[in-house]
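What follows is the content of model.txt (compact mmCIF, C-alpha atoms and all ligand atoms).
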```txt
# COMPACT_ATOMS: atom_id res chain seq x y z
CA MET A 1 0.00 0.00 0.00
CA MET A 2 1.29 3.48 -0.81
CA ILE A 3 2.00 5.51 2.34
CA GLU A 4 0.87 9.07 1.80
CA THR A 5 2.94 11.86 3.29
CA ARG A 6 1.53 13.96 6.10
CA LEU A 7 -0.49 16.92 4.89
CA PRO A 8 0.47 19.84 7.17
CA LEU A 9 -1.96 22.45 8.39
CA MET A 10 -0.01 25.33 6.87
CA ARG A 11 2.95 25.75 4.56
CA PRO A 12 4.25 29.23 5.46
CA ARG A 13 6.18 30.79 2.57
CA LEU A 14 8.06 34.07 2.80
CA PRO A 15 9.39 35.88 -0.29
CA GLU A 16 12.33 34.26 -2.07
CA PRO A 17 15.63 35.62 -0.68
CA ALA A 18 16.61 36.85 -4.16
CA ARG A 19 13.58 39.15 -4.10
CA PHE A 20 14.82 40.99 -1.01
CA ALA A 21 18.59 40.73 -1.57
CA PRO A 22 18.95 44.33 -2.91
CA ARG A 23 17.17 45.85 0.10
CA LEU A 24 19.12 43.59 2.44
CA ALA A 25 22.35 44.93 0.92
CA ALA A 26 21.05 48.51 1.25
CA MET A 27 20.22 47.89 4.90
CA HIS A 28 23.67 46.48 5.53
CA ALA A 29 25.37 49.39 3.78
CA SER A 30 23.35 51.88 5.83
CA GLY A 31 24.41 50.32 9.13
CA MET A 32 20.89 51.02 10.39
CA TYR A 33 19.25 47.86 11.70
CA SER A 34 16.46 49.13 13.92
CA ASN A 35 15.01 52.25 15.62
CA ARG A 36 12.54 53.16 12.86
CA GLY A 37 15.09 53.26 10.06
CA PRO A 38 14.55 53.93 6.35
CA GLN A 39 13.14 50.47 5.49
CA VAL A 40 10.51 50.74 8.22
CA LEU A 41 9.54 54.31 7.33
CA GLU A 42 9.17 53.42 3.64
CA LEU A 43 7.12 50.34 4.58
CA GLU A 44 4.72 52.54 6.58
CA GLU A 45 4.33 54.76 3.52
CA ARG A 46 3.65 51.81 1.23
CA MET A 47 1.24 50.19 3.69
CA ALA A 48 -0.65 53.48 3.93
CA GLY A 49 -1.13 53.39 0.16
CA PHE A 50 -2.13 49.72 0.31
CA LEU A 51 -4.78 50.41 2.97
CA GLY A 52 -6.09 53.71 1.64
CA THR A 53 -4.89 56.11 4.33
CA SER A 54 -2.07 58.57 4.98
CA PRO A 55 1.41 57.54 6.16
CA ASP A 56 1.12 59.56 9.38
CA ARG A 57 -1.53 57.07 10.57
CA VAL A 58 0.38 53.83 9.93
CA ILE A 59 2.99 52.49 12.36
CA THR A 60 4.91 49.23 12.19
CA VAL A 61 5.41 47.07 15.28
CA ALA A 62 7.32 43.92 16.25
CA ASN A 63 4.18 41.74 16.09
CA ALA A 64 0.41 42.18 16.15
CA THR A 65 0.11 41.14 19.80
CA LEU A 66 2.30 44.09 20.81
CA GLY A 67 0.36 46.25 18.35
CA LEU A 68 -2.87 45.42 20.16
CA MET A 69 -1.26 45.99 23.53
CA GLY A 70 0.10 49.40 22.54
CA ALA A 71 -3.13 50.58 20.90
CA LEU A 72 -4.92 49.63 24.13
CA CYS A 73 -2.29 51.17 26.43
CA LEU A 74 -2.73 54.50 24.65
CA SER A 75 -6.50 54.50 25.06
CA PRO A 76 -7.78 56.34 28.14
CA GLU A 77 -10.64 53.85 28.63
CA LEU A 78 -10.39 51.15 31.29
CA THR A 79 -13.34 48.81 30.68
CA TRP A 80 -13.54 46.89 27.42
CA SER A 81 -15.76 44.29 25.76
CA ALA A 82 -13.86 41.56 23.93
CA PRO A 83 -14.81 38.33 22.18
CA SER A 84 -14.26 34.94 23.73
CA TRP A 85 -14.23 33.56 20.16
CA THR A 86 -10.73 34.72 19.24
CA PHE A 87 -7.07 33.76 19.52
CA SER A 88 -5.44 34.01 22.94
CA ALA A 89 -3.31 36.96 21.74
CA THR A 90 -6.31 39.34 21.65
CA ILE A 91 -7.09 38.78 25.30
CA ALA A 92 -3.47 38.55 26.48
CA ALA A 93 -2.70 41.92 24.87
CA ALA A 94 -5.62 43.63 26.61
CA LEU A 95 -4.79 42.18 30.02
CA GLN A 96 -1.11 43.08 29.65
CA ALA A 97 -2.30 46.62 28.84
CA GLY A 98 -4.06 46.64 32.22
CA LYS A 99 -7.59 46.76 30.82
CA ARG A 100 -10.67 45.31 32.52
CA LEU A 101 -12.31 42.91 30.12
CA THR A 102 -15.77 41.47 29.81
CA LEU A 103 -15.99 38.55 27.36
CA VAL A 104 -19.00 38.71 25.07
CA ASP A 105 -20.51 36.33 22.52
CA ALA A 106 -20.02 36.18 18.76
CA ARG A 107 -22.89 37.04 16.42
CA PRO A 108 -24.05 33.99 14.47
CA GLU A 109 -24.20 35.90 11.19
CA ASP A 110 -20.55 37.00 10.96
CA TRP A 111 -18.75 35.90 14.19
CA TRP A 112 -18.01 39.53 15.23
CA ILE A 113 -19.15 40.77 18.65
CA ASP A 114 -22.13 42.97 19.40
CA PRO A 115 -20.60 45.07 22.17
CA PRO A 116 -22.87 45.95 25.07
CA ALA A 117 -23.17 49.59 26.19
CA THR A 118 -21.85 48.66 29.64
CA THR A 119 -18.14 48.94 28.78
CA ASP A 120 -16.36 52.02 27.48
CA GLY A 121 -14.12 50.43 24.85
CA ILE A 122 -14.68 47.79 22.17
CA LEU A 123 -11.98 45.27 21.34
CA SER A 124 -13.25 43.33 18.31
CA VAL A 125 -11.73 40.62 16.18
CA ALA A 126 -12.19 40.39 12.42
CA PRO A 127 -12.48 36.59 12.39
CA PHE A 128 -10.08 34.54 10.26
CA GLY A 129 -9.25 37.24 7.71
CA SER A 130 -12.66 38.93 7.47
CA GLY A 131 -12.81 42.43 6.00
CA VAL A 132 -12.90 45.69 7.94
CA ASP A 133 -15.39 48.43 7.09
CA PRO A 134 -14.64 51.76 8.82
CA ALA A 135 -18.24 52.86 8.19
CA ARG A 136 -19.44 50.21 10.68
CA ILE A 137 -17.29 51.53 13.55
CA ASP A 138 -19.06 53.55 16.25
CA PRO A 139 -17.22 56.92 16.19
CA ASP A 140 -18.26 57.66 19.79
CA ARG A 141 -16.48 54.71 21.41
CA GLU A 142 -12.83 53.78 21.68
CA THR A 143 -12.37 50.82 19.34
CA VAL A 144 -9.48 48.49 18.63
CA ILE A 145 -9.96 45.88 15.91
CA ASP A 146 -7.75 42.80 15.88
CA ALA A 147 -7.56 42.21 12.14
CA ALA A 148 -4.50 39.96 12.43
CA ALA A 149 -5.24 37.87 9.32
CA SER A 150 -7.06 40.52 7.27
CA LEU A 151 -4.42 42.28 5.15
CA GLY A 152 -5.73 40.47 2.07
CA ALA A 153 -9.39 41.16 2.88
CA ARG A 154 -11.71 43.80 1.51
CA ILE A 155 -10.76 46.77 3.66
CA GLY A 156 -12.75 50.00 3.30
CA PRO A 157 -10.25 52.84 2.78
CA LEU A 158 -8.80 53.27 6.27
CA ALA A 159 -8.70 57.05 5.78
CA GLY A 160 -12.30 56.72 6.98
CA LEU A 161 -11.27 55.30 10.36
CA PRO A 162 -12.82 57.37 13.18
CA PRO A 163 -10.28 59.21 15.37
CA ARG A 164 -10.95 56.92 18.35
CA ALA A 165 -10.32 53.69 16.38
CA ALA A 166 -7.26 51.57 15.58
CA VAL A 167 -6.89 48.45 13.41
CA VAL A 168 -4.08 45.95 13.95
CA PHE A 169 -2.75 43.58 11.26
CA SER A 170 -0.17 40.79 11.56
CA ILE A 171 2.53 40.00 9.02
CA GLY A 172 3.59 36.86 10.89
CA ALA A 173 4.82 33.96 8.74
CA THR A 174 1.43 32.24 8.58
CA LYS A 175 -0.46 35.36 7.53
CA VAL A 176 -1.10 37.10 4.23
CA LEU A 177 1.92 39.26 3.24
CA GLY A 178 3.91 37.30 5.80
CA ALA A 179 7.35 38.58 6.75
CA GLY A 180 8.17 36.20 9.61
CA GLU A 181 7.05 38.31 12.58
CA GLY A 182 5.61 41.79 12.50
CA GLY A 183 2.54 43.96 12.70
CA ILE A 184 0.99 47.05 11.13
CA VAL A 185 -1.21 49.36 13.18
CA VAL A 186 -3.49 51.96 11.56
CA PHE A 187 -4.95 54.77 13.66
CA GLY A 188 -7.79 57.17 12.94
CA ASP A 189 -5.91 59.89 14.78
CA PRO A 190 -2.39 60.85 13.61
CA ASP A 191 -1.48 62.10 17.11
CA ARG A 192 -2.31 58.67 18.56
CA ALA A 193 -0.19 57.11 15.78
CA ARG A 194 2.76 59.34 16.65
CA ARG A 195 2.42 58.43 20.31
CA PHE A 196 2.23 54.74 19.43
CA ALA A 197 5.51 55.05 17.48
CA SER A 198 7.09 56.46 20.67
CA TRP A 199 5.45 53.69 22.72
CA THR A 200 7.36 51.13 20.60
CA LEU A 201 10.56 53.04 21.50
CA LEU A 202 10.19 52.94 25.30
CA GLY A 203 8.22 56.19 25.31
CA PHE A 204 11.08 58.22 23.83
CA GLU A 205 9.88 61.35 22.04
CA GLY A 206 13.04 62.75 20.53
CA ALA A 207 15.06 63.03 23.74
CA ARG A 208 16.82 60.04 25.26
CA ALA A 209 14.47 59.89 28.21
CA SER A 210 11.12 58.10 28.46
CA SER A 211 8.47 60.80 28.56
CA PHE A 212 5.77 58.18 29.16
CA LEU A 213 5.63 54.43 29.78
CA GLY A 214 6.40 52.47 26.61
CA ILE A 215 8.21 49.27 25.71
CA ASN A 216 10.62 48.00 23.06
CA ALA A 217 8.14 46.94 20.38
CA ARG A 218 9.80 48.39 17.29
CA MET A 219 9.94 46.52 14.01
CA PRO A 220 13.53 45.66 12.99
CA GLU A 221 14.73 46.86 9.59
CA ILE A 222 15.23 43.28 8.40
CA THR A 223 11.54 42.53 8.89
CA ALA A 224 10.65 45.57 6.80
CA VAL A 225 13.07 44.38 4.10
CA VAL A 226 11.15 41.10 3.81
CA ALA A 227 7.77 42.85 4.00
CA HIS A 228 8.73 45.10 1.06
CA ALA A 229 9.45 42.03 -1.04
CA ALA A 230 6.07 40.56 -0.06
CA LEU A 231 4.37 43.80 -1.16
CA ASP A 232 6.34 43.81 -4.43
CA ASP A 233 4.82 40.40 -5.22
CA TRP A 234 1.42 41.06 -3.70
CA GLU A 235 -0.68 40.45 -6.82
CA ARG A 236 0.87 37.06 -7.41
CA GLU A 237 0.46 36.12 -3.76
CA ARG A 238 -3.17 37.25 -3.76
CA ASP A 239 -3.91 35.19 -6.87
CA GLU A 240 -2.35 32.13 -5.23
CA TRP A 241 -4.54 32.54 -2.12
CA ARG A 242 -7.58 32.94 -4.36
CA ALA A 243 -6.71 29.81 -6.35
CA ALA A 244 -6.32 27.83 -3.11
CA ARG A 245 -9.67 29.20 -1.95
CA ARG A 246 -11.36 27.99 -5.16
CA LEU A 247 -10.03 24.48 -4.50
CA ALA A 248 -11.36 24.61 -0.93
CA THR A 249 -14.73 25.94 -2.04
CA ALA A 250 -15.02 23.13 -4.60
CA VAL A 251 -14.66 20.57 -1.80
CA GLU A 252 -17.28 22.33 0.35
CA THR A 253 -19.68 22.47 -2.59
CA ALA A 254 -19.14 18.81 -3.51
CA LEU A 255 -19.85 17.77 0.10
CA GLY A 256 -22.82 20.14 0.50
CA MET A 257 -21.14 22.12 3.30
CA GLU A 258 -22.29 25.67 4.08
CA PRO A 259 -19.42 28.16 3.72
CA VAL A 260 -18.57 29.90 7.01
CA PRO A 261 -19.67 33.56 7.20
CA LEU A 262 -16.39 35.49 6.90
CA ARG A 263 -17.72 38.87 5.75
CA GLY A 264 -15.37 40.67 3.36
CA ALA A 265 -12.74 37.90 3.33
CA ASP A 266 -10.78 37.53 0.10
CA ALA A 267 -7.14 36.40 0.21
CA HIS A 268 -7.08 34.87 3.66
CA PRO A 269 -4.88 32.19 5.18
CA TYR A 270 -7.41 29.84 6.78
CA TRP A 271 -9.78 27.14 5.69
CA ILE A 272 -12.46 26.87 8.34
CA VAL A 273 -15.36 24.46 7.93
CA ARG A 274 -18.43 23.93 10.03
CA PHE A 275 -20.22 20.68 10.82
CA PRO A 276 -23.89 20.20 11.78
CA HIS A 277 -22.97 18.99 15.29
CA GLN A 278 -19.99 18.16 17.49
CA ALA A 279 -20.04 14.41 16.78
CA ALA A 280 -19.71 15.11 13.03
CA ARG A 281 -16.72 17.39 13.72
CA GLN A 282 -15.10 14.73 15.89
CA ALA A 283 -15.65 12.05 13.23
CA ALA A 284 -14.01 14.35 10.68
CA GLU A 285 -11.03 14.95 12.99
CA ARG A 286 -10.54 11.18 13.38
CA SER A 287 -10.88 10.49 9.67
CA LEU A 288 -8.46 13.29 8.73
CA ALA A 289 -5.91 12.10 11.31
CA ALA A 290 -6.16 8.51 10.02
CA ALA A 291 -5.39 9.80 6.52
CA GLY A 292 -2.33 11.73 7.74
CA ILE A 293 -4.05 15.09 7.34
CA ASP A 294 -3.52 17.72 10.04
CA SER A 295 -6.44 19.78 11.33
CA ARG A 296 -6.74 22.28 14.17
CA ARG A 297 -9.40 23.85 16.30
CA TRP A 298 -7.75 27.23 15.91
CA TRP A 299 -9.47 29.02 18.78
CA ALA A 300 -9.83 25.91 20.95
CA ASP A 301 -12.95 26.10 23.12
CA GLY A 302 -13.06 29.89 23.23
CA CYS A 303 -10.91 32.05 25.49
CA HIS A 304 -13.30 31.71 28.45
CA ARG A 305 -12.31 28.01 28.65
CA GLN A 306 -8.59 28.75 28.84
CA PRO A 307 -7.16 28.64 32.37
CA ALA A 308 -5.53 32.07 32.09
CA TYR A 309 -8.87 33.73 31.28
CA ALA A 310 -11.40 31.54 33.09
CA ALA A 311 -11.97 34.11 35.86
CA LEU A 312 -12.82 36.98 33.50
CA PRO A 313 -16.37 38.32 33.75
CA ARG A 314 -18.44 37.19 30.83
CA HIS A 315 -21.86 37.21 29.24
CA ALA A 316 -23.66 34.04 28.15
CA LEU A 317 -21.64 32.58 25.26
CA PRO A 318 -23.95 30.14 23.40
CA VAL A 319 -22.68 31.03 19.90
CA THR A 320 -19.04 30.76 21.00
CA GLU A 321 -19.78 27.37 22.55
CA LEU A 322 -21.47 26.21 19.36
CA LEU A 323 -18.66 27.43 17.09
CA ALA A 324 -16.06 25.83 19.36
CA ALA A 325 -17.92 22.52 19.14
CA THR A 326 -18.63 22.48 15.42
CA THR A 327 -15.86 24.27 13.49
CA LEU A 328 -12.48 22.97 12.33
CA GLY A 329 -9.44 24.38 10.53
CA LEU A 330 -8.26 22.31 7.55
CA PRO A 331 -4.86 22.40 5.81
CA PHE A 332 -4.56 25.61 3.85
CA SER A 333 -1.76 27.48 2.14
CA ARG A 334 -1.12 29.14 -1.18
CA SER A 335 0.72 25.98 -2.20
CA LEU A 336 -2.44 23.89 -1.79
CA THR A 337 -2.89 21.48 -4.72
CA ARG A 338 -5.83 19.64 -6.19
CA ALA A 339 -4.25 16.39 -4.96
CA ASP A 340 -4.27 17.84 -1.42
CA THR A 341 -7.91 18.84 -1.59
CA GLU A 342 -8.87 15.47 -3.09
CA ARG A 343 -7.32 13.78 -0.04
CA ILE A 344 -9.21 16.16 2.26
CA HIS A 345 -12.44 15.60 0.33
CA ASP A 346 -12.11 11.83 0.62
CA ALA A 347 -11.34 11.92 4.36
CA LEU A 348 -14.32 14.21 5.05
CA ASP A 349 -16.53 12.06 2.86
CA ARG A 350 -15.51 8.88 4.74
CA ALA A 351 -16.28 10.61 8.05
CA ALA A 352 -19.74 11.61 6.85
CA VAL A 353 -20.74 8.05 5.93
CA SER A 354 -19.12 6.38 8.96
C1 LIG B 401 -6.81 36.73 15.86
C2 LIG B 401 -5.35 36.91 16.11
N1 LIG B 401 -4.94 37.95 16.86
C3 LIG B 401 -3.65 38.18 17.10
C4 LIG B 401 -2.67 37.36 16.59
C5 LIG B 401 -1.25 37.62 16.95
O1 LIG B 401 -0.46 38.03 15.86
P1 LIG B 401 1.12 38.05 15.99
O2 LIG B 401 1.58 36.65 15.84
O3 LIG B 401 1.61 38.96 14.87
O4 LIG B 401 1.45 38.62 17.34
C6 LIG B 401 -3.03 36.26 15.81
C7 LIG B 401 -1.99 35.35 15.28
O5 LIG B 401 -2.23 34.30 14.77
C8 LIG B 401 -4.41 36.03 15.56
O6 LIG B 401 -4.81 34.98 14.83
```
Starting from the file, give its structure as structure tokens.
Amino acid sequence: MMIETRLPLMRPRLPEPARFAPRLAAMHASGMYSNRGPQVLELEERMAGFLGTSPDRVITVANATLGLMGALCLSPELTWSAPSWTFSATIAAALQAGKRLTLVDARPEDWWIDPPATTDGILSVAPFGSGVDPARIDPDRETVIDAAASLGARIGPLAGLPPRAAVVFSIGATKVLGAGEGGIVVFGDPDRARRFASWTLLGFEGARASSFLGINARMPEITAVVAHAALDDWERERDEWRAARRLATAVETALGMEPVPLRGADAHPYWIVRFPHQAARQAAERSLAAAGIDSRRWWADGCHRQPAYAALPRHALPVTELLAATTLGLPFSRSLTRADTERIHDALDRAAVS
């Protein structure tokens, strides 16, 4: 019998070294390796163009978790609503920023939260690469959106971001436009953006003394070098994500599965499927594992079930509980092939009839 190789959950792929060699050489010649050097400043300018806003509102950061933490640290509000249906990083960042969180449920129609009026700030997540529409943000409340996987989504021009809002993207290796580790934070208010840049430099504002409490969260030049190469090749990357998505959609259609409601998603790095009930999900997990195919429950059982967050105040979470019981992440990457999706199709099909 032929032994099939393991099908991994993700195949992260950064730009080819040859694509960033010239910028790497320029960085080396400049002798500037960090501290908001020329590669980082040019990346902020290019990202502003990419996201439809001005460069004075876009600041790079060492990773999206620190981006979330900094955006929250700079907000005057203390009490925040946050989803339980998200990755641990969203909640960790808010708690490290000293905020008081209340966990709230996801909406069934798009998996975003409906924040209650009882907290001052809103910390939302754009689930699994969903789009971000500035027109839907309440201009009267402090808002931070964790859009970690959404750089390839449909993003309304972020020039329309209200002054009290910030959106945080990741360029980690497994994300769209991946550069290894890194984040991009877009602010509605250029003064907040400027302060955030200082926050990433220990609160330095020109002088070599911390004028307020910050941290070292700056993006190194070498990360920006790689991110430039990813942007140079963006259209090809986007087309590869879209081609992989078509293969995934074909499997869902063939098996009669409802697509999950990721509003505004386009080029996004996850394949999430939903089963009618938990037993069907578990059967699929077993069948995939038996066929050497990795799968993952990306957000586990929701953050409220994780020991670090179990004591947080929370609302009833029936949708979160349901999504945790019935959804599953399948192997996905821009290198996904038809042979891969045929294997996945067959394993899911076997689970359905077993
Ligand atoms: C929803 C969400 N938020 C935050 C993060 C953290 O991003 P980073 O790895 O850039 O810190 C991730 C990473 O996977 C994520 O999925």
Under the rule of at most 9 Å, produce a per-residue listing of chain A near ligand LIG 401 (chain B): chain, number, name, the closest pair of atoms, and the distance in Å, as a tab-separated table, using all atoms listed in the file.
```
residue	atom	partner	partner_atom	distance
A:Val61	CA	B:LIG401	O3	9.0
A:Ala62	CA	B:LIG401	O3	7.7
A:Asn63	CA	B:LIG401	O3	4.0
A:Ala64	CA	B:LIG401	O3	3.7
A:Thr65	CA	B:LIG401	O4	3.8
A:Leu66	CA	B:LIG401	O4	6.5
A:Gly67	CA	B:LIG401	O4	7.8
A:Leu68	CA	B:LIG401	C3	7.9
A:Thr86	CA	B:LIG401	C1	5.6
A:Phe87	CA	B:LIG401	C1	4.7
A:Ser88	CA	B:LIG401	N1	7.3
A:Ala89	CA	B:LIG401	C3	4.8
A:Thr90	CA	B:LIG401	N1	5.2
A:Ile91	CA	B:LIG401	N1	8.7
A:Ala93	CA	B:LIG401	C3	8.7
A:Val125	CA	B:LIG401	C1	6.3
A:Ala126	CA	B:LIG401	C1	7.4
A:Pro127	CA	B:LIG401	C1	6.6
A:Phe128	CA	B:LIG401	C1	6.8
A:Gly129	CA	B:LIG401	C1	8.5
A:Asp146	CA	B:LIG401	N1	5.7
A:Ala147	CA	B:LIG401	C1	6.7
A:Ala148	CA	B:LIG401	C2	4.9
A:Ala149	CA	B:LIG401	O6	6.2
A:Val168	CA	B:LIG401	C3	8.4
A:Phe169	CA	B:LIG401	O3	7.3
A:Ser170	CA	B:LIG401	O3	4.2
A:Ile171	CA	B:LIG401	O3	6.0
A:Gly172	CA	B:LIG401	O3	4.9
A:Ala173	CA	B:LIG401	O2	8.3
A:Thr174	CA	B:LIG401	O5	7.5
A:Lys175	CA	B:LIG401	O5	7.5
A:Gly180	CA	B:LIG401	O3	8.8
A:Glu181	CA	B:LIG401	O3	5.9
A:Gly182	CA	B:LIG401	O3	5.4
A:Gly183	CA	B:LIG401	O3	5.5
A:Ile184	CA	B:LIG401	O3	8.9
A:Trp298	CA	B:LIG401	O6	8.4
A:Trp299	CA	B:LIG401	O6	8.5
```
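For the set A:Ala229, A:Ala248, A:Ile145, A:Ala197, the residue with the smallest atom-to-atom gap to Arg334 in chain A is A:Ala248, counting only C-alpha atoms.
Taking CA of Leu231 in chain A and CA of Pro22 in chain A as the two end points, the separation is 14.7 Å.
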Dump as a PyMOL selection string all residues having an atom at most 9 Å from (-16.0, 46.6, 9.6), computed in the file's coordinates with all atoms listed in the file. chain A and resi 126+130-137+145+155-156+263-264
Any idea what the distance is between CA of Ala339 in chain A and CA of Val273 in chain A? 18.8 Å
In Å, how far is it from CA of Ala291 in chain A to CA of Arg343 in chain A? 7.9 Å
Asp114 in chain A surroundings by only C-alpha atoms, 9 Å radius, close-in-sequence under 5 positions cut, as a ChimeraX atom specification: /A:104-107,124
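In this comparison, which uses all atoms listed in the file, the residue of A:Pro331, A:Pro139, A:Gly152, A:Gly178 approaching Asp239 in chain A most closely is A:Gly152.
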Could you make a table, as a tab-separated table, of the residues of range 14-128 of chain A that have an atom within 12 Å of an atom of range 206-214 of chain A, each with its nearest atom pair and distance in Å to one decimal, counting all atoms listed in the file, in chain and number order?
```
residue	atom	partner	partner_atom	distance
A:Asn35	CA	A:Gly206	CA	11.8
A:Leu66	CA	A:Gly214	CA	11.0
A:Gly67	CA	A:Gly214	CA	12.0
A:Met69	CA	A:Gly214	CA	10.5
A:Gly70	CA	A:Gly214	CA	8.1
A:Ala71	CA	A:Gly214	CA	11.3
A:Leu72	CA	A:Gly214	CA	11.9
A:Cys73	CA	A:Gly214	CA	8.8
A:Leu74	CA	A:Gly214	CA	9.6
A:Ala97	CA	A:Gly214	CA	10.7
```
Export C-alpha atoms of the chosen residues as a PDB file, in the frame of the given file?
```pdb
ATOM      1  CA  ASN A  35      15.010  52.250  15.620  1.00  0.00           C
ATOM      2  CA  LEU A  66       2.300  44.090  20.810  1.00  0.00           C
ATOM      3  CA  GLY A  67       0.360  46.250  18.350  1.00  0.00           C
ATOM      4  CA  MET A  69      -1.260  45.990  23.530  1.00  0.00           C
ATOM      5  CA  GLY A  70       0.100  49.400  22.540  1.00  0.00           C
ATOM      6  CA  ALA A  71      -3.130  50.580  20.900  1.00  0.00           C
ATOM      7  CA  LEU A  72      -4.920  49.630  24.130  1.00  0.00           C
ATOM      8  CA  CYS A  73      -2.290  51.170  26.430  1.00  0.00           C
ATOM      9  CA  LEU A  74      -2.730  54.500  24.650  1.00  0.00           C
ATOM     10  CA  ALA A  97      -2.300  46.620  28.840  1.00  0.00           C
TER      11      ALA A  97
END
```
Of the candidates A:Ala279, A:Arg57, A:Val225, A:Ile293, which one gets nearest to Ala25 in chain A if we count only C-alpha atoms? A:Val225
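Each of A:Glu16, A:Glu221, A:Asp349, A:Glu252 was compared to Glu44 in chain A using all atoms listed in the file, and A:Glu221 turns out to be the nearest.
Using all atoms listed in the file, the smallest distance between any of A:Ala352, A:Ala308, A:Ala166, A:Ala193 and Gly256 in chain A comes from A:Ala352.
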Shortest interatomic distance to Asp294 in chain A - which of A:His277, A:His315, A:Gly98, A:Asp340, counting only C-alpha atoms: A:Asp340
Is it possible to get the residues within 8 Å of (2.0, 27.7, 6.6) (coordinates as in the file, counting all atoms listed in the file) written as a PyMOL selection string? chain A and resi 9-13+173-174+332-333
Filtering to C-alpha atoms, could you give me those residues as a short mmCIF file (atom, residue, chain, number, x, y, z; two decimals), in the coordinates of the input?
```cif
data_model
loop_
_atom_site.label_atom_id
_atom_site.label_comp_id
_atom_site.auth_asym_id
_atom_site.auth_seq_id
_atom_site.Cartn_x
_atom_site.Cartn_y
_atom_site.Cartn_z
CA LEU A 9 -1.96 22.45 8.39
CA MET A 10 -0.01 25.33 6.87
CA ARG A 11 2.95 25.75 4.56
CA PRO A 12 4.25 29.23 5.46
CA ARG A 13 6.18 30.79 2.57
CA ALA A 173 4.82 33.96 8.74
CA THR A 174 1.43 32.24 8.58
CA PHE A 332 -4.56 25.61 3.85
CA SER A 333 -1.76 27.48 2.14
#
```
Find the residues around Arg23 in chain A up to 9 Å (all atoms listed in the file counted), leave out those fewer than 5 positions away in its own chain, and share them as a PyMOL selection string. chain A and resi 28+39+222+225-226+228-229
N, CA and C atoms for range 172-186 of chain A, written as a short mmCIF file (atom, residue, chain, number, x, y, z; two decimals), in the frame of the given file, could you do that?
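Result went into selection.cif, see below:
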```cif
data_model
loop_
_atom_site.label_atom_id
_atom_site.label_comp_id
_atom_site.auth_asym_id
_atom_site.auth_seq_id
_atom_site.Cartn_x
_atom_site.Cartn_y
_atom_site.Cartn_z
N GLY A 172 2.92 38.09 10.46
CA GLY A 172 3.59 36.86 10.89
C GLY A 172 3.67 35.87 9.72
N ALA A 173 4.52 34.86 9.86
CA ALA A 173 4.82 33.96 8.74
C ALA A 173 3.58 33.26 8.19
N THR A 174 2.59 33.01 9.04
CA THR A 174 1.43 32.24 8.58
C THR A 174 0.33 33.13 8.01
N LYS A 175 0.58 34.44 7.97
CA LYS A 175 -0.46 35.36 7.53
C LYS A 175 -0.24 35.77 6.07
N VAL A 176 -1.23 36.49 5.55
CA VAL A 176 -1.10 37.10 4.23
C VAL A 176 -0.01 38.18 4.30
N LEU A 177 0.79 38.31 3.25
CA LEU A 177 1.92 39.26 3.24
C LEU A 177 2.89 38.98 4.39
N GLY A 178 3.07 37.71 4.67
CA GLY A 178 3.91 37.30 5.80
C GLY A 178 5.36 37.72 5.63
N ALA A 179 5.94 38.18 6.76
CA ALA A 179 7.35 38.58 6.75
C ALA A 179 8.10 37.91 7.90
N GLY A 180 7.51 36.92 8.51
CA GLY A 180 8.17 36.20 9.61
C GLY A 180 7.52 36.53 10.93
N GLU A 181 7.72 37.75 11.38
CA GLU A 181 7.05 38.31 12.58
C GLU A 181 6.85 39.78 12.26
N GLY A 182 5.78 40.35 12.69
CA GLY A 182 5.61 41.79 12.50
C GLY A 182 4.16 42.18 12.52
N GLY A 183 3.91 43.46 12.69
CA GLY A 183 2.54 43.96 12.70
C GLY A 183 2.47 45.36 12.12
N ILE A 184 1.26 45.73 11.70
CA ILE A 184 0.99 47.05 11.13
C ILE A 184 -0.21 47.59 11.89
N VAL A 185 -0.10 48.78 12.44
CA VAL A 185 -1.21 49.36 13.18
C VAL A 185 -1.64 50.65 12.49
N VAL A 186 -2.94 50.77 12.23
CA VAL A 186 -3.49 51.96 11.56
C VAL A 186 -4.39 52.67 12.57
#
```
